[in-house]
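Presented below is the structure to which this report refers.
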Amino acid sequence: MAQSPSDSIVHEDAARWLMRLRAAPNDASTFQAFQDWRDAAPEHQQAFDAVQESWALFGDQAAAPELLVLRRDALNRADGIGRRGLGLGRRGFAAGLAALAVAPLTFYGWRRLRPGARQTLRTEVGEQRTVTLSDGSRVSLDANTLVKVTYSPAMRLAELVEGRAHFEVAKDKTRPMKVRAGTRTVTALGTAFTVEHEGQRVVVTLVEGRVAVTEAAPERGVAPPPKELAPQQQLVFAANATPRMHEAVDVERAMAWREGKLVFDDETLADAVARMNNYSQVKIVVEDAPARALKISGIFNAGDSPAFVEAVQSYFPVDVSTGEFVIQIRSRS
């Protein structure tokens, strides 16, 4: 399938961004400019992922000085050929940056190379687990959670697609850890924090260290300034609401999910039920808007849906219908 000129240019740009990020890993203005470019179109993220994957195939040796020189030369040649219009796809040059650097790798020995730096972490309903990443960082996944991890010489990125995860980040000043949840990105060095992503709701809780949370710019708008968190602070994003910062949260309560406890503090019944359903095959369904808007507080055992529903029924004017795999809650008429 032929490649369009615009597609070729995007992949050349992606290769150039990778080189710039690798050359100046601590330059905030460079990274901000990269983020603006990446977020401008889905094709930009896809192209950058493809170029990173080519680089990551060579593991630690991708950062060897000899390879950096060769790749920089290759990119310059790609620019020159593009200007001369020889008709060669720039995507070939972008992906070929890795290929051009392969020859010297025989000097190091193929056995020293690592596999690609992509990893998908998933837990099922009721499952929790902790994973140690290649850089020594630890990720603890709550039930029904999906995290996609991409490491490159320029950055460490974890995308929390859904669920909740706690990150204990190994220090690496040249590569901050970035955790993306929807349109929000948490940036940290050596620190510990939890991110929850449920629908359009994102919650960031900082245990130790410091993090900065950025939001993608709205369509035809300007991104709001980053929000910095100090230990024991919690930042909550919800649909159609102003972000809320909670000061001096009880970290032990916030981390109780790792001990099989769920803590709700004036949360809507809809949000509480969504979390309860991550731990049990018996699903709770809240039938109507007035019931979903009820506010609930308390500590419950993860997975004990019947006890949770019993408490709801005791405190609120609702009716409950129980089936084999579904418990329905509706406002009392």
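In the structure tokens, the first chain shown is A, the next is B, and so on; residue numbers restart at 1 for each chain, and ligands run from 1 in the order shown.
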
Q: Find the residues around Ala293 in chain A up to 8 Å (only C-alpha atoms counted), leave out those fewer than 4 positions away in its own chain, and share them as a ChimeraX atom specification.
A: /A:268-270,289

Emit the selected residues as a PDB file, in the first residue's frame, including N, CA and C atoms.
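Printed below is out-v5.pdb as written:
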```pdb
ATOM      1  N   THR A 268     -20.725   9.628  45.146  1.00  0.00           N
ATOM      2  CA  THR A 268     -22.028   9.246  44.607  1.00  0.00           C
ATOM      3  C   THR A 268     -22.153   7.725  44.618  1.00  0.00           C
ATOM      4  N   LEU A 269     -23.389   7.276  44.724  1.00  0.00           N
ATOM      5  CA  LEU A 269     -23.625   5.834  44.697  1.00  0.00           C
ATOM      6  C   LEU A 269     -23.160   5.242  43.375  1.00  0.00           C
ATOM      7  N   ALA A 270     -23.293   6.001  42.295  1.00  0.00           N
ATOM      8  CA  ALA A 270     -22.857   5.509  40.986  1.00  0.00           C
ATOM      9  C   ALA A 270     -21.354   5.224  40.991  1.00  0.00           C
ATOM     10  N   ALA A 289     -31.520   7.901  37.909  1.00  0.00           N
ATOM     11  CA  ALA A 289     -30.633   9.023  38.227  1.00  0.00           C
ATOM     12  C   ALA A 289     -30.695   9.460  39.686  1.00  0.00           C
TER      13      ALA A 289
END
```

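The set of residues in range 116-290 of chain A assigned to helix (DSSP H, G or I) by DSSP, using only backbone atoms of this structure, is Val251, Glu252, Arg253, Ala254, Ala256, Trp257, Arg258, Glu259, Leu269, Ala270, Asp271, Ala272, Val273, Ala274, Arg275, Met276, Asn277, Asn278, Tyr279, Ala289 and Pro290 of chain A.
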
(Q) Just want the 12 Å neighbourhood of Arg253 in chain A, counted on only C-alpha atoms, with same-chain residues fewer than 6 positions away dropped. Output as a VMD selection string. (A) chain A and resid 205 207 232 259 to 265 298 to 300

Okay, now the selection with N, CA and C atoms, as a short mmCIF file (atom, residue, chain, number, x, y, z; two decimals), in the first residue's frame?
```
data_model
loop_
_atom_site.label_atom_id
_atom_site.label_comp_id
_atom_site.auth_asym_id
_atom_site.auth_seq_id
_atom_site.Cartn_x
_atom_site.Cartn_y
_atom_site.Cartn_z
N THR A 205 -3.47 10.75 43.86
CA THR A 205 -3.15 10.87 45.27
C THR A 205 -1.65 10.70 45.45
N VAL A 207 1.61 10.11 47.68
CA VAL A 207 2.05 9.55 48.96
C VAL A 207 3.36 10.18 49.41
N GLN A 232 0.35 13.86 50.58
CA GLN A 232 -0.96 13.84 51.22
C GLN A 232 -1.99 14.72 50.52
N GLU A 259 -5.34 -3.45 50.83
CA GLU A 259 -5.62 -4.41 51.90
C GLU A 259 -7.02 -5.00 51.78
N GLY A 260 -7.65 -4.80 50.63
CA GLY A 260 -8.98 -5.38 50.42
C GLY A 260 -10.11 -4.57 51.00
N LYS A 261 -9.87 -3.29 51.28
CA LYS A 261 -10.92 -2.42 51.82
C LYS A 261 -11.20 -1.29 50.83
N LEU A 262 -12.47 -0.93 50.71
CA LEU A 262 -12.86 0.21 49.88
C LEU A 262 -13.42 1.30 50.78
N VAL A 263 -12.86 2.50 50.66
CA VAL A 263 -13.26 3.63 51.49
C VAL A 263 -13.98 4.65 50.61
N PHE A 264 -15.21 4.97 50.98
CA PHE A 264 -15.98 5.97 50.25
C PHE A 264 -16.22 7.16 51.18
N ASP A 265 -15.93 8.35 50.68
CA ASP A 265 -16.07 9.57 51.47
C ASP A 265 -16.94 10.55 50.70
N GLY A 298 -18.25 5.43 53.96
CA GLY A 298 -18.08 4.21 54.74
C GLY A 298 -16.93 3.37 54.24
N ILE A 299 -16.63 2.30 54.99
CA ILE A 299 -15.58 1.36 54.64
C ILE A 299 -16.21 -0.01 54.42
N PHE A 300 -15.92 -0.63 53.27
CA PHE A 300 -16.54 -1.90 52.91
C PHE A 300 -15.47 -2.89 52.46
#
```

Q: Please provide the set of residues having any atom within 9 Å of Leu189 in chain A, restricted to only C-alpha atoms, with same-chain residues fewer than 2 positions apart removed, written as a ChimeraX atom specification.
A: /A:169-173,175-178,187,191,209-211

Q: Write out as an MDAnalysis selection string the residues lying within 10 Å of Pro225 in chain A, counting only C-alpha atoms and excluding same-chain residues fewer than 2 positions away.
A: chainID A and resid 212:215 217 222:223 227:228

Atoms kept (C-alpha atoms) for selection, written as a PDB file, in the first residue's frame:
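Listing of part-v6.pdb after writing:
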```pdb
ATOM      1  CA  ALA A 212       2.958  17.695  38.387  1.00  0.00           C
ATOM      2  CA  VAL A 213      -0.365  17.033  36.673  1.00  0.00           C
ATOM      3  CA  THR A 214      -1.016  18.493  33.227  1.00  0.00           C
ATOM      4  CA  GLU A 215      -4.143  18.526  31.108  1.00  0.00           C
ATOM      5  CA  ALA A 217      -5.465  21.577  25.686  1.00  0.00           C
ATOM      6  CA  VAL A 222      -5.117  26.655  25.694  1.00  0.00           C
ATOM      7  CA  ALA A 223      -4.042  23.994  28.178  1.00  0.00           C
ATOM      8  CA  LYS A 227      -0.933  21.510  39.019  1.00  0.00           C
ATOM      9  CA  GLU A 228       1.780  20.451  41.477  1.00  0.00           C
TER      10      GLU A 228
END
```

Q.
Which residues are close to Thr322 in chain A, i.e. within 10 Å by only C-alpha atoms, leaving aside same-chain residues fewer than 5 positions away? Reply as number ranges by chain.
A. A: 282, 284, 306, 309, 327-329

The selected residues should be written to file as a CSV table (one decimal), in the first residue's frame (atoms: N, CA and C atoms).
```
chain,number,residue,atom,x,y,z
A,282,VAL,N,-20.8,-10.8,40.7
A,282,VAL,CA,-22.2,-10.3,41.0
A,282,VAL,C,-22.2,-8.8,40.8
A,284,ILE,N,-23.7,-4.9,40.5
A,284,ILE,CA,-24.7,-4.0,41.1
A,284,ILE,C,-25.1,-3.0,40.0
A,306,PRO,N,-23.2,-8.1,48.5
A,306,PRO,CA,-24.4,-8.2,49.3
A,306,PRO,C,-24.4,-7.3,50.5
A,309,VAL,N,-24.8,-3.6,49.5
A,309,VAL,CA,-26.2,-3.3,49.1
A,309,VAL,C,-27.1,-3.3,50.3
A,327,ILE,N,-27.6,-7.4,41.1
A,327,ILE,CA,-28.4,-6.8,42.2
A,327,ILE,C,-28.8,-5.5,41.7
A,328,GLN,N,-30.1,-5.2,41.6
A,328,GLN,CA,-30.7,-3.9,41.1
A,328,GLN,C,-31.1,-3.0,42.2
A,329,ILE,N,-30.7,-1.8,42.1
A,329,ILE,CA,-31.1,-0.8,43.1
A,329,ILE,C,-31.9,0.3,42.4
```

Q: May I ask which of the residues A:Thr130, A:Gln281, A:Thr145, A:Thr242 is the closest one to Phe325 in chain A, counting only C-alpha atoms?
A: A:Gln281

Q. Of the candidates A:Leu121, A:Ile296, A:Ala239, A:Ala302, which shows the shortest atom-to-atom distance to Met276 in chain A, using only C-alpha atoms?
A. A:Ala302

Q: Extract, using only C-alpha atoms, all DNA, RNA and protein residues at most 8 Å from Asp288 in chain A, discarding same-chain residues fewer than 3 positions from it, and format them as a PyMOL selection string.
A: chain A and resi 291-292+330-331

Can I get the selected residues back with C-alpha atoms, as a compact mmCIF listing (two decimals), in the first residue's frame?
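As a result, selection_27.txt now contains:
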```
# COMPACT_ATOMS: atom_id res chain seq x y z
CA ALA A 291 -30.44 6.77 43.15
CA ARG A 292 -27.14 7.21 41.27
CA ARG A 330 -33.80 1.78 42.35
CA SER A 331 -35.32 4.77 44.12
```

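Proximity to Met155 in chain A was assessed for A:Arg20, A:Gln128, A:Ala241, A:Glu252 counting only C-alpha atoms; the smallest distance is recorded for A:Arg20.
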
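Pairwise distance (CA of Ala15 in chain A, CA of Phe48 in chain A) equals 7.1 Å.
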
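Atom to atom, CA of Arg16 in chain A and CA of Ala28 in chain A stand 16.9 Å apart.
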